[in-house]
file my_file_26.cif (mmCIF, C-alpha atoms and all ligand atoms)
data_work
loop_
_atom_site.label_atom_id
_atom_site.label_comp_id
_atom_site.auth_asym_id
_atom_site.auth_seq_id
_atom_site.Cartn_x
_atom_site.Cartn_y
_atom_site.Cartn_z
CA MET A 1 0.00 0.00 0.00
CA ASN A 2 1.27 3.47 -0.80
CA CYS A 3 0.57 6.64 1.18
CA GLU A 4 -2.21 7.72 -1.16
CA ASN A 5 -4.13 4.51 -0.57
CA ALA A 6 -3.47 4.85 3.13
CA LEU A 7 -4.95 8.34 3.13
CA GLU A 8 -8.11 7.09 1.53
CA LEU A 9 -8.40 4.35 4.14
CA MET A 10 -7.73 6.82 6.94
CA ASN A 11 -10.67 8.89 5.82
CA ARG A 12 -13.00 5.96 5.71
CA GLU A 13 -11.70 4.74 9.07
CA LEU A 14 -12.65 8.10 10.55
CA ASP A 15 -16.13 7.51 9.19
CA GLY A 16 -16.26 4.01 10.63
CA ALA A 17 -16.50 2.56 7.15
CA LEU A 18 -13.56 0.14 6.94
CA THR A 19 -13.71 -3.60 6.58
CA GLU A 20 -11.53 -5.65 8.90
CA ALA A 21 -9.10 -6.46 6.10
CA GLU A 22 -8.78 -2.79 5.18
CA SER A 23 -8.31 -1.90 8.79
CA ALA A 24 -5.49 -4.40 9.14
CA ALA A 25 -3.82 -3.16 5.95
CA LEU A 26 -4.02 0.42 7.19
CA ARG A 27 -2.49 -0.52 10.53
CA ALA A 28 0.37 -2.28 8.78
CA HIS A 29 1.08 0.82 6.69
CA LEU A 30 0.90 3.15 9.69
CA ASP A 31 3.36 0.94 11.58
CA ALA A 32 5.83 1.32 8.76
CA CYS A 33 5.25 4.97 7.77
CA PRO A 34 5.89 7.82 10.25
CA ASP A 35 4.54 10.45 7.83
CA CYS A 36 1.18 8.77 7.60
CA ARG A 37 1.15 8.21 11.35
CA GLU A 38 1.45 11.95 11.84
CA THR A 39 -1.23 12.68 9.25
CA TRP A 40 -3.37 10.11 10.99
CA ARG A 41 -2.93 11.77 14.37
CA GLN A 42 -3.75 15.19 12.92
CA LEU A 43 -6.86 14.03 11.09
CA HIS A 44 -8.15 12.44 14.27
CA GLU A 45 -7.48 15.62 16.21
CA LEU A 46 -9.33 17.69 13.61
CA ASP A 47 -12.37 15.46 13.65
CA ALA A 48 -12.47 15.55 17.45
CA LEU A 49 -12.11 19.31 17.56
CA LEU A 50 -14.80 19.78 14.94
CA ARG A 51 -17.20 17.70 16.98
CA GLU A 52 -16.39 19.68 20.11
CA SER A 53 -16.97 22.96 18.34
CA GLU A 54 -20.68 22.26 18.09
CA LEU A 55 -22.74 25.17 19.41
CA GLU A 56 -25.91 25.31 21.45
CA PRO A 57 -28.59 27.23 19.59
CA PRO A 58 -29.42 30.53 21.30
CA ALA A 59 -32.81 30.77 23.01
CA ALA A 60 -33.64 33.58 20.61
CA LEU A 61 -33.98 31.04 17.80
CA HIS A 62 -36.83 29.09 19.26
CA GLU A 63 -38.45 32.16 20.84
CA GLY A 64 -38.31 34.18 17.65
CA VAL A 65 -39.83 31.43 15.53
CA MET A 66 -42.65 30.70 17.95
CA ARG A 67 -43.44 34.39 18.36
CA GLU A 68 -43.71 34.75 14.60
CA ILE A 69 -45.89 31.65 14.28
CA ARG A 70 -48.28 32.75 17.01
CA GLN A 71 -48.59 36.21 15.51
CA GLU A 72 -49.20 34.68 12.11
CA GLN A 73 -51.92 32.48 13.55
CA LYS A 74 -53.59 35.54 15.05
CA ARG A 75 -53.41 37.51 11.82
CA LYS A 76 -54.49 34.70 9.55
CA PRO A 77 -55.78 32.21 12.00
CA HIS A 78 -56.66 29.39 9.73
CA ARG A 79 -55.03 29.47 6.34
CA ALA A 80 -53.67 25.99 6.38
CA TRP A 81 -55.09 22.85 4.88
CA VAL A 82 -54.91 19.44 6.34
CA PRO A 83 -53.62 16.68 4.07
CA ALA A 84 -56.24 15.40 1.64
CA ALA A 85 -55.86 11.89 3.01
CA ALA A 86 -56.81 13.08 6.45
CA ILE A 87 -59.90 14.74 5.06
CA ALA A 88 -60.94 11.61 3.25
CA ALA A 89 -60.46 9.43 6.30
CA ALA A 90 -62.45 11.48 8.74
CA ALA A 91 -63.19 15.12 8.78
CA ALA A 92 -65.38 17.63 10.42
CA LEU A 93 -66.16 20.74 8.52
CA VAL A 94 -67.34 23.92 10.06
CA LEU A 95 -69.39 26.15 7.87
CA LEU A 96 -69.97 29.68 8.86
CA ALA A 97 -72.84 31.74 7.70
CA GLY A 98 -71.35 34.01 5.11
CA ARG A 99 -72.00 37.62 4.30
CA ALA A 100 -74.50 36.51 1.70
CA GLY A 101 -76.49 34.61 4.28
CA LEU A 102 -77.11 30.92 4.50
CA ILE A 103 -76.75 28.78 1.42
CA ALA A 104 -78.23 25.34 0.78
CA LEU A 105 -76.08 22.32 1.37
CA PRO A 106 -76.68 19.52 -1.10
CA GLY A 107 -78.41 16.62 0.55
CA PHE A 108 -79.99 18.73 3.24
CA GLU A 109 -83.67 19.65 3.05
CA GLN A 110 -83.34 23.15 4.41
CA THR A 111 -83.09 25.71 1.66
CA ASP A 112 -81.62 28.37 3.84
CA VAL A 113 -78.45 26.42 4.48
CA ILE A 114 -75.26 27.13 2.62
CA SER A 115 -74.91 25.25 -0.65
CA VAL A 116 -71.24 24.62 -0.83
CA ASN A 117 -70.16 21.07 -0.58
CA ILE A 118 -66.87 21.65 1.11
CA GLY A 119 -65.72 18.06 0.74
CA SER A 120 -65.94 18.10 -3.03
CA ALA A 121 -64.67 21.67 -3.19
CA VAL A 122 -61.51 20.53 -1.49
CA GLU A 123 -61.16 17.60 -3.86
CA GLN A 124 -61.75 19.89 -6.79
CA ILE A 125 -59.11 22.28 -5.59
CA PHE A 126 -56.59 19.51 -5.26
CA ALA A 127 -57.52 18.11 -8.66
CA GLN A 128 -57.19 21.50 -10.32
CA THR A 129 -53.87 22.36 -8.76
CA GLY A 130 -52.56 18.83 -9.11
CA ALA A 131 -51.39 19.11 -5.55
CA LYS A 132 -51.13 15.87 -3.65
CA THR A 133 -51.29 17.79 -0.43
CA PRO A 134 -52.68 21.19 0.37
CA ASP A 135 -50.36 23.99 -0.53
CA GLU A 136 -50.31 27.71 -1.11
CA ALA A 137 -51.85 27.41 -4.57
CA ALA A 138 -54.69 25.31 -3.21
CA ALA A 139 -55.26 27.77 -0.40
CA GLN A 140 -55.35 30.58 -2.94
CA GLN A 141 -58.00 28.82 -5.01
CA ALA A 142 -60.02 28.13 -1.93
CA ALA A 143 -59.83 31.80 -1.03
CA GLU A 144 -61.26 32.69 -4.43
CA LEU A 145 -63.96 30.08 -4.17
CA ALA A 146 -65.01 31.33 -0.79
CA ALA A 147 -64.95 34.94 -1.94
CA GLU A 148 -67.24 34.07 -4.88
CA THR A 149 -69.79 32.35 -2.71
CA GLY A 150 -69.53 34.92 0.06
CA LEU A 151 -68.95 32.06 2.42
CA ASP A 152 -66.48 31.87 5.22
CA VAL A 153 -65.30 28.34 5.48
CA LEU A 154 -63.70 26.69 8.40
CA LEU A 155 -62.20 23.29 8.04
CA VAL A 156 -61.68 21.30 11.19
CA TRP A 157 -59.58 18.22 11.17
CA ASN A 158 -60.96 15.65 13.52
CA SER A 159 -61.49 11.94 13.76
CA GLY A 160 -65.13 11.65 14.56
CA VAL A 161 -67.64 13.94 16.18
CA PRO A 162 -66.20 16.68 18.37
CA LEU A 163 -66.90 15.90 22.02
CA GLU A 164 -68.66 19.22 22.47
CA LEU A 165 -71.25 18.21 19.89
CA GLU A 166 -72.01 14.72 21.12
CA THR A 167 -75.26 15.72 22.81
CA ALA A 168 -76.17 18.50 20.40
CA ALA A 169 -79.01 18.22 17.89
CA TYR A 170 -78.13 17.79 14.24
CA GLU A 171 -79.64 17.18 10.86
CA THR A 172 -78.55 14.21 8.83
CA ALA A 173 -77.90 14.07 5.13
CA GLN A 174 -78.42 10.92 3.06
CA SER A 175 -74.67 10.39 3.03
CA GLY A 176 -74.71 10.19 6.81
CA ALA A 177 -73.07 13.57 7.22
CA ARG A 178 -74.26 15.56 10.19
CA LEU A 179 -74.93 19.26 10.25
CA TYR A 180 -74.79 21.12 13.53
CA CYS A 181 -75.69 24.71 14.11
CA VAL A 182 -73.59 26.14 16.91
CA THR A 183 -72.68 29.51 18.33
CA GLY A 184 -69.57 31.31 17.14
CA GLN A 185 -68.12 30.73 20.57
CA MET A 186 -68.62 26.98 20.23
CA ALA A 187 -67.08 26.99 16.76
CA GLN A 188 -64.06 28.74 18.23
CA THR A 189 -63.81 26.13 20.97
CA ILE A 190 -63.96 23.31 18.47
CA LEU A 191 -61.29 24.97 16.38
CA ASP A 192 -59.01 25.39 19.36
CA GLU A 193 -59.62 21.99 20.88
CA TYR A 194 -59.22 19.95 17.75
CA GLY A 195 -56.07 21.59 16.46
CA ALA A 196 -58.18 22.85 13.65
CA ALA A 197 -56.53 23.27 10.32
CA ALA A 198 -58.98 25.59 8.72
CA TYR A 199 -59.30 28.24 6.15
CA SER A 200 -60.65 31.73 5.94
CA PRO A 201 -60.73 34.00 2.87
CA ASP A 202 -59.91 36.97 5.07
CA ASP A 203 -59.40 37.77 8.72
CA VAL A 204 -63.01 37.10 9.55
CA PHE A 205 -62.13 34.46 12.12
CA SER A 206 -60.84 37.03 14.51
CA ASP A 207 -64.48 37.74 15.39
CA LEU A 208 -65.63 34.14 15.24
CA PRO A 209 -66.66 34.02 18.92
CA GLU A 210 -68.96 37.01 18.36
CA LYS A 211 -70.82 35.38 15.50
CA GLU A 212 -74.37 34.34 16.29
CA ALA A 213 -74.25 31.09 14.42
CA ALA A 214 -71.78 28.80 12.79
CA TYR A 215 -72.33 25.47 11.05
CA VAL A 216 -70.39 22.36 11.73
CA LEU A 217 -70.56 19.63 9.14
CA VAL A 218 -69.27 16.29 10.31
CA LEU A 219 -68.63 13.95 7.42
CA PRO A 220 -69.32 10.25 7.88
CA MET B 221 -40.09 7.36 14.15
CA GLN B 222 -41.48 8.91 17.32
CA ASP B 223 -41.34 12.15 15.35
CA ASP B 224 -44.09 11.01 12.97
CA ASN B 225 -46.95 11.92 15.22
CA LEU B 226 -45.43 15.30 16.01
CA ILE B 227 -44.83 15.92 12.33
CA ARG B 228 -48.43 15.13 11.43
CA ARG B 229 -49.77 17.40 14.13
CA ALA B 230 -47.36 20.18 13.24
CA ALA B 231 -48.32 19.84 9.58
CA ALA B 232 -51.93 20.42 10.65
CA GLN B 233 -50.72 23.73 12.12
CA ASP B 234 -50.63 22.61 15.72
CA ALA B 235 -48.20 25.20 17.07
CA ALA B 236 -47.47 23.30 20.29
CA ALA B 237 -46.52 20.16 18.35
CA PHE B 238 -44.39 22.25 16.04
CA GLU B 239 -42.60 23.76 19.01
CA GLN B 240 -41.69 20.30 20.31
CA LEU B 241 -40.52 19.24 16.88
CA MET B 242 -38.40 22.34 16.64
CA LEU B 243 -36.78 21.78 20.03
CA LEU B 244 -35.81 18.28 18.91
CA HIS B 245 -34.17 19.47 15.70
CA GLN B 246 -32.94 22.99 16.29
CA LYS B 247 -29.39 22.06 17.29
CA PRO B 248 -28.37 20.36 14.05
CA VAL B 249 -30.14 22.99 11.96
CA TYR B 250 -28.45 25.83 13.81
CA ASN B 251 -25.04 24.20 13.52
CA ILE B 252 -25.40 23.53 9.80
CA CYS B 253 -26.39 27.17 9.32
CA TYR B 254 -23.48 28.29 11.46
CA ARG B 255 -21.06 26.22 9.42
CA MET B 256 -22.41 27.44 6.12
CA ALA B 257 -22.84 31.11 7.00
CA GLY B 258 -19.72 31.30 9.13
CA ASN B 259 -21.03 33.47 11.95
CA ALA B 260 -23.59 33.40 14.75
CA GLU B 261 -25.67 36.34 13.62
CA ASP B 262 -26.45 34.91 10.19
CA ALA B 263 -26.79 31.42 11.65
CA LEU B 264 -29.60 32.67 13.89
CA ASP B 265 -31.41 34.44 11.05
CA LEU B 266 -31.03 31.48 8.73
CA SER B 267 -32.20 28.89 11.25
CA GLN B 268 -35.23 31.01 11.98
CA GLU B 269 -35.96 31.15 8.29
CA VAL B 270 -35.58 27.37 8.05
CA PHE B 271 -38.09 26.73 10.82
CA LEU B 272 -40.60 29.25 9.50
CA LYS B 273 -40.32 27.60 6.09
CA LEU B 274 -40.74 24.23 7.76
CA TRP B 275 -43.92 25.45 9.45
CA ARG B 276 -45.33 26.57 6.12
CA THR B 277 -44.28 23.60 4.01
CA LEU B 278 -44.47 20.66 6.38
CA THR B 279 -47.54 19.26 4.61
CA GLN B 280 -45.27 18.58 1.65
CA TYR B 281 -43.25 16.07 3.64
CA GLN B 282 -44.48 12.65 2.51
CA PHE B 283 -42.66 10.41 4.99
CA ASP B 284 -40.79 8.88 2.05
CA ALA B 285 -37.33 10.01 3.16
CA ALA B 286 -36.02 10.37 6.68
CA PHE B 287 -37.33 13.57 8.21
CA SER B 288 -33.79 14.70 9.01
CA THR B 289 -32.81 14.31 5.34
CA TRP B 290 -35.74 16.48 4.34
CA LEU B 291 -35.04 19.06 7.03
CA TYR B 292 -31.30 19.27 6.31
CA ARG B 293 -31.95 19.67 2.60
CA LEU B 294 -34.27 22.55 3.39
CA THR B 295 -31.59 24.00 5.67
CA GLN B 296 -28.93 23.64 3.01
CA ASN B 297 -31.12 25.32 0.40
CA VAL B 298 -31.94 28.26 2.66
CA CYS B 299 -28.23 28.75 3.37
CA ILE B 300 -27.17 28.50 -0.26
CA ASP B 301 -29.86 31.00 -1.29
CA PHE B 302 -28.58 33.35 1.37
CA LEU B 303 -24.95 32.95 0.30
CA ARG B 304 -25.88 33.60 -3.33
CA LYS B 305 -27.77 36.76 -2.40
CA GLN B 306 -24.90 37.88 -0.23
CA LYS B 307 -22.56 37.26 -3.12
CA ARG B 308 -24.69 39.45 -5.39
CA GLN B 309 -24.88 42.23 -2.85
CA GLN B 310 -21.28 42.24 -1.80
CA HIS B 311 -19.64 41.05 -5.00
CA VAL B 312 -17.90 38.40 -2.99
CA SER B 313 -17.08 35.21 -4.77
CA LEU B 314 -18.98 32.20 -3.51
CA THR B 315 -16.93 29.19 -4.41
CA PHE B 316 -18.04 25.64 -4.47
CA SER B 317 -15.34 23.08 -4.79
CA ASP B 318 -15.46 20.87 -7.82
CA ASP B 319 -13.43 17.84 -8.69
CA GLU B 320 -10.54 19.81 -10.17
CA ASP B 321 -10.58 22.99 -8.19
CA GLU B 322 -10.33 22.88 -4.45
CA GLY B 323 -11.65 26.40 -4.16
CA LYS B 324 -9.03 29.01 -3.48
CA GLU B 325 -11.29 31.93 -2.78
CA LEU B 326 -13.03 32.65 0.46
CA SER B 327 -16.67 31.70 0.31
CA VAL B 328 -17.79 34.35 2.72
CA PRO B 329 -15.93 37.23 4.23
CA ASP B 330 -14.88 36.25 7.71
CA PRO B 331 -16.64 38.68 10.01
CA GLU B 332 -15.49 39.63 13.48
CA PRO B 333 -16.89 37.09 15.90
CA LEU B 334 -19.71 38.33 18.08
CA PRO B 335 -18.88 38.66 21.78
CA GLU B 336 -20.99 35.67 22.76
CA GLU B 337 -19.09 33.49 20.33
CA ARG B 338 -15.82 34.15 22.10
CA VAL B 339 -16.90 32.45 25.28
CA ILE B 340 -16.90 28.90 24.01
CA PHE B 341 -13.86 28.87 21.86
CA ASN B 342 -10.45 28.14 23.10
CA GLU B 343 -7.57 28.93 20.81
CA LYS B 344 -7.63 25.70 18.88
CA GLN B 345 -11.32 25.93 18.27
CA GLU B 346 -10.97 29.52 17.19
CA ALA B 347 -8.31 28.39 14.73
CA ILE B 348 -10.61 25.63 13.45
CA ARG B 349 -13.45 28.08 13.04
CA THR B 350 -11.31 30.48 11.04
CA ALA B 351 -9.88 27.69 8.89
CA MET B 352 -13.36 26.28 8.29
CA ASN B 353 -14.64 29.66 7.16
CA ALA B 354 -11.91 29.76 4.57
CA LEU B 355 -13.06 26.49 2.97
CA PRO B 356 -15.55 26.34 0.10
CA VAL B 357 -19.10 26.12 1.35
CA ASP B 358 -19.67 22.51 0.27
CA PHE B 359 -16.52 21.42 2.16
CA ARG B 360 -17.83 23.11 5.30
CA GLU B 361 -21.22 21.53 4.84
CA ILE B 362 -19.93 18.03 4.23
CA LEU B 363 -17.64 18.20 7.27
CA GLU B 364 -20.54 19.30 9.42
CA LEU B 365 -22.84 16.56 8.11
CA ARG B 366 -20.32 13.75 8.39
CA VAL B 367 -17.90 14.63 11.17
CA VAL B 368 -20.18 16.52 13.53
CA ARG B 369 -23.62 15.10 12.73
CA GLN B 370 -22.13 11.67 11.88
CA LEU B 371 -24.63 11.01 9.11
CA PRO B 372 -23.98 7.99 6.89
CA TYR B 373 -22.55 8.59 3.41
CA GLU B 374 -25.84 7.61 1.79
CA GLN B 375 -27.82 10.21 3.70
CA ILE B 376 -25.27 12.92 2.92
CA ALA B 377 -25.51 11.91 -0.74
CA GLN B 378 -29.28 12.46 -0.61
CA ILE B 379 -29.02 15.77 1.18
CA MET B 380 -26.33 17.18 -1.09
CA ASP B 381 -27.62 15.47 -4.21
CA LEU B 382 -24.31 13.78 -4.96
CA PRO B 383 -23.24 10.24 -5.78
CA VAL B 384 -21.95 8.36 -2.74
CA GLY B 385 -18.49 8.09 -4.32
CA THR B 386 -18.31 11.87 -4.63
CA VAL B 387 -19.34 12.24 -0.99
CA LYS B 388 -16.36 10.10 0.05
CA SER B 389 -13.85 11.87 -2.15
CA ARG B 390 -15.12 15.34 -1.31
CA LEU B 391 -15.02 14.55 2.37
CA ALA B 392 -11.43 13.38 2.07
CA ARG B 393 -10.47 16.55 0.21
CA ALA B 394 -12.30 18.71 2.72
CA ARG B 395 -10.42 17.12 5.62
CA LEU B 396 -7.09 17.52 3.86
CA GLN B 397 -7.74 21.12 2.98
CA LEU B 398 -8.75 21.94 6.53
CA LYS B 399 -5.57 20.27 7.76
CA LYS B 400 -3.49 22.17 5.20
CA ARG B 401 -4.88 25.52 6.32
CA LEU B 402 -4.16 24.70 9.94
CA ASP B 403 -0.68 23.40 9.15
CA ALA B 404 0.17 26.82 7.76
CA GLY B 405 -0.62 28.39 11.12
CA ASN B 406 1.48 25.97 13.23
CA PHE B 407 -1.70 24.43 14.51
CA PHE B 408 -0.11 21.03 15.02
CA GLU B 409 2.62 21.58 17.56
CA THR B 410 4.71 18.51 16.88
CA GLY B 411 5.74 20.00 13.54
CA ALA B 412 6.12 16.60 11.95
CA SER B 413 6.57 16.41 8.22
CA LYS B 414 3.58 15.87 5.98
CA CYS B 415 2.66 12.75 4.19
CA THR B 416 4.11 13.13 0.71
CA GLU B 417 3.22 9.83 -0.89
ZN ZN C 1 2.51 6.60 4.28
#

call {"tool": "encode", "arguments": {"input": "my_file_26.cif", "output": "structure tokens"}}
result
Amino acid sequence: MNCENALELMNRELDGALTEAESAALRAHLDACPDCRETWRQLHELDALLRESELEPPAALHEGVMREIRQEQKRKPHRAWVPAAAIAAAAALVLLAGRAGLIALPGFEQTDVISVNIGSAVEQIFAQTGAKTPDEAAAQQAAELAAETGLDVLLVWNSGVPLELETAAYETAQSGARLYCVTGQMAQTILDEYGAAAYSPDDVFSDLPEKEAAYVLVLP
Amino acid sequence: MQDDNLIRRAAAQDAAAFEQLMLLHQKPVYNICYRMAGNAEDALDLSQEVFLKLWRTLTQYQFDAAFSTWLYRLTQNVCIDFLRKQKRQQHVSLTFSDDEDEGKELSVPDPEPLPEERVIFNEKQEAIRTAMNALPVDFREILELRVVRQLPYEQIAQIMDLPVGTVKSRLARARLQLKKRLDAGNFFETGASKCTE
């Protein structure tokens, strides 16, 4: 083995990537070659010093990021989308009465209920944007959709019926979906409690608790 | 694997889950940023940017690669973007090593260390830090990923988008170049002669 081969082995030894035979060959060369022994010592020292030079992140990192995130959530409380798969598996949708009043929901008898099928709207958005998962483009399209219908939409990710609604009255659609009418305060609670990933076309959610009524659609 | 649940909750914009996830991963991210930017002030800004980006794009993570691979790639990209912008603003040459050229120019100007940085470093570590800053950015990155983070070659190859063979050779050249820079400053006290094949 020449010194060049030895150097290559030294590097892989530092990375713990030598076979036993290679390791033995390297040792034999090092025993016979003082130059390589010195290089060997130095490379080991450098690796050790590099590892020791690791820094602790300053507290400002974590604090700054969380401050920004919490402010962002206040400004635009619910711009995010949950993954499409999660929606398909089990989802609760909160519908708010929009500026244009209540719209009919397909499958429900009442004509004064909002007529946006949020489930299919979400699918449509994903189909149109080609996004496998919700993203900015999808959120943008949803914003436009909601603006067109004058509807404020809240999307709550949940597996099953929110606890708060277990004893509440609801209407049932043929699909088995349930529609609950709740107070704005209750909608806010459900959002908070269920880690709601939801969407609003504007900052309307800041006054969600003051709203007289909000609709919660729980998909089967 | 225990991250998966946190990741899913954080992706659904659960800020508390995201905070936990961040606390678990902030040290490597900060250190990669520090290595690539070369100073604490930029490292802080860049790591913050990484985590805010993570918060906004976490739904794109598909659990197909290791989360750390995904996160370190994001970190690397944020840092490289920053270095490119800095290069445009300051007309400083940002060198990447390639297989012929070992990168003679400084990647980033070496700024005065901030006061808080001085505390931790003894002389040798200060010398290492200075020598590291003089290496091309991909040498600094690969040394951080392999030597400090101890990631396997294959994962480094995924993060840096390189063949595994190139990872090995680049790592070897990075170590040698770091050693060479330190040799010039009498870093190794024994003063033994160098290996000359
Ligand atoms: Zn030798």

call {"tool": "atom_distance", "arguments": {"input": "my_file_26.cif", "atom1": "CA of Leu165 (chain A)", "atom2": "CA of Glu210 (chain A)"}}
result
19.0 Å

call {"tool": "atom_distance", "arguments": {"input": "my_file_26.cif", "atom1": "CA of Leu355 (chain B)", "atom2": "CA of Arg393 (chain B)"}}
result
10.6 Å

call {"tool": "residues_around", "arguments": {"input": "my_file_26.cif", "residues": "Leu43 (chain A)", "least_positions_apart": "2", "cutoff": "9 Å", "atoms": "all atoms listed in the file", "output": "PyMOL selection string"}}
result
(chain A and resi 10-11+14+38-41+45-48) or (chain B and resi 395-396+399)

call {"tool": "write_last_selection", "arguments": {"input": "my_file_26.cif", "atoms": "C-alpha atoms", "output": "PDB file, in the frame of the given file"}}
result
ATOM      1  CA  MET A  10      -7.730   6.820   6.940  1.00  0.00           C
ATOM      2  CA  ASN A  11     -10.670   8.890   5.820  1.00  0.00           C
ATOM      3  CA  LEU A  14     -12.650   8.100  10.550  1.00  0.00           C
ATOM      4  CA  GLU A  38       1.450  11.950  11.840  1.00  0.00           C
ATOM      5  CA  THR A  39      -1.230  12.680   9.250  1.00  0.00           C
ATOM      6  CA  TRP A  40      -3.370  10.110  10.990  1.00  0.00           C
ATOM      7  CA  ARG A  41      -2.930  11.770  14.370  1.00  0.00           C
ATOM      8  CA  GLU A  45      -7.480  15.620  16.210  1.00  0.00           C
ATOM      9  CA  LEU A  46      -9.330  17.690  13.610  1.00  0.00           C
ATOM     10  CA  ASP A  47     -12.370  15.460  13.650  1.00  0.00           C
ATOM     11  CA  ALA A  48     -12.470  15.550  17.450  1.00  0.00           C
TER      12      ALA A  48
ATOM     13  CA  ARG B 395     -10.420  17.120   5.620  1.00  0.00           C
ATOM     14  CA  LEU B 396      -7.090  17.520   3.860  1.00  0.00           C
ATOM     15  CA  LYS B 399      -5.570  20.270   7.760  1.00  0.00           C
TER      16      LYS B 399
END

call {"tool": "residues_near_ligand", "arguments": {"input": "my_file_26.cif", "ligand": "ligand ZN 1 (chain C)", "cutoff": "8 Å", "atoms": "all atoms listed in the file", "output": "list in words"}}
result
Asn2, Cys3, Glu4, Ala6, Leu7, His29, Leu30, Ala32, Cys33, Pro34, Asp35, Cys36 and Arg37 of chain A; Cys415, Thr416 and Glu417 of chain B

call {"tool": "closest_residue", "arguments": {"input": "my_file_26.cif", "among": "B:Asn225, B:Asn342, B:Arg390, B:Gln233", "to": "chain A", "atoms": "only C-alpha atoms"}}
result
B:Gln233

call {"tool": "residues_near_point", "arguments": {"input": "my_file_26.cif", "point": "(-17.1, 13.0, 10.2)", "cutoff": "7 Å", "atoms": "all atoms listed in the file", "output": "list in words"}}
result
Leu14, Asp15 and Asp47 of chain A; Leu363, Arg366, Val367, Val368 and Gln370 of chain B

call {"tool": "axis_aligned_box", "arguments": {"input": "my_file_26.cif", "around": "region 381-397 of chain B", "padding_each_side": "5 Å", "output": "lines of an AutoDock Vina configuration file"}}
result
center_x = -17.4
center_y = 14.6
center_z = -0.1
size_x = 30.5
size_y = 23.0
size_z = 21.4

call {"tool": "atom_distance", "arguments": {"input": "my_file_26.cif", "atom1": "CA of Arg255 (chain B)", "atom2": "CA of Gln282 (chain B)"}}
result
27.9 Å

call {"tool": "closest_residue", "arguments": {"input": "my_file_26.cif", "among": "B:Pro356, B:Gly258, B:Pro248, B:Pro372", "to": "Ala17 (chain A)", "atoms": "only C-alpha atoms"}}
result
B:Pro372

call {"tool": "residues_around", "arguments": {"input": "my_file_26.cif", "residues": "Pro58 (chain A)", "least_positions_apart": "3", "cutoff": "9 Å", "atoms": "only C-alpha atoms", "output": "ChimeraX atom specification"}}
result
/A:55,61-62 /B:250,264

call {"tool": "residues_around", "arguments": {"input": "my_file_26.cif", "residues": "Arg369 (chain B)", "least_positions_apart": "2", "cutoff": "12 Å", "atoms": "all atoms listed in the file", "output": "MDAnalysis selection string"}}
result
(chainID A and resid 15 47 50:54) or (chainID B and resid 245 247:252 255 288:289 292 361:367 371:373 375:376)

call {"tool": "write_last_selection", "arguments": {"input": "my_file_26.cif", "atoms": "C-alpha atoms", "output": "PDB file, keeping the file's coordinate frame"}}
result
ATOM      1  CA  ASP A  15     -16.130   7.510   9.190  1.00  0.00           C
ATOM      2  CA  ASP A  47     -12.370  15.460  13.650  1.00  0.00           C
ATOM      3  CA  LEU A  50     -14.800  19.780  14.940  1.00  0.00           C
ATOM      4  CA  ARG A  51     -17.200  17.700  16.980  1.00  0.00           C
ATOM      5  CA  GLU A  52     -16.390  19.680  20.110  1.00  0.00           C
ATOM      6  CA  SER A  53     -16.970  22.960  18.340  1.00  0.00           C
ATOM      7  CA  GLU A  54     -20.680  22.260  18.090  1.00  0.00           C
TER       8      GLU A  54
ATOM      9  CA  HIS B 245     -34.170  19.470  15.700  1.00  0.00           C
ATOM     10  CA  LYS B 247     -29.390  22.060  17.290  1.00  0.00           C
ATOM     11  CA  PRO B 248     -28.370  20.360  14.050  1.00  0.00           C
ATOM     12  CA  VAL B 249     -30.140  22.990  11.960  1.00  0.00           C
ATOM     13  CA  TYR B 250     -28.450  25.830  13.810  1.00  0.00           C
ATOM     14  CA  ASN B 251     -25.040  24.200  13.520  1.00  0.00           C
ATOM     15  CA  ILE B 252     -25.400  23.530   9.800  1.00  0.00           C
ATOM     16  CA  ARG B 255     -21.060  26.220   9.420  1.00  0.00           C
ATOM     17  CA  SER B 288     -33.790  14.700   9.010  1.00  0.00           C
ATOM     18  CA  THR B 289     -32.810  14.310   5.340  1.00  0.00           C
ATOM     19  CA  TYR B 292     -31.300  19.270   6.310  1.00  0.00           C
ATOM     20  CA  GLU B 361     -21.220  21.530   4.840  1.00  0.00           C
ATOM     21  CA  ILE B 362     -19.930  18.030   4.230  1.00  0.00           C
ATOM     22  CA  LEU B 363     -17.640  18.200   7.270  1.00  0.00           C
ATOM     23  CA  GLU B 364     -20.540  19.300   9.420  1.00  0.00           C
ATOM     24  CA  LEU B 365     -22.840  16.560   8.110  1.00  0.00           C
ATOM     25  CA  ARG B 366     -20.320  13.750   8.390  1.00  0.00           C
ATOM     26  CA  VAL B 367     -17.900  14.630  11.170  1.00  0.00           C
ATOM     27  CA  LEU B 371     -24.630  11.010   9.110  1.00  0.00           C
ATOM     28  CA  PRO B 372     -23.980   7.990   6.890  1.00  0.00           C
ATOM     29  CA  TYR B 373     -22.550   8.590   3.410  1.00  0.00           C
ATOM     30  CA  GLN B 375     -27.820  10.210   3.700  1.00  0.00           C
ATOM     31  CA  ILE B 376     -25.270  12.920   2.920  1.00  0.00           C
TER      32      ILE B 376
END

call {"tool": "closest_residue", "arguments": {"input": "my_file_26.cif", "among": "A:Val65, A:Ala187, A:Leu163, A:Ala169", "to": "Asp265 (chain B)", "atoms": "all atoms listed in the file"}}
result
A:Val65

call {"tool": "closest_residue", "arguments": {"input": "my_file_26.cif", "among": "A:Glu20, A:Glu166, A:Glu72, A:Glu63", "to": "Met242 (chain B)", "atoms": "all atoms listed in the file"}}
result
A:Glu63
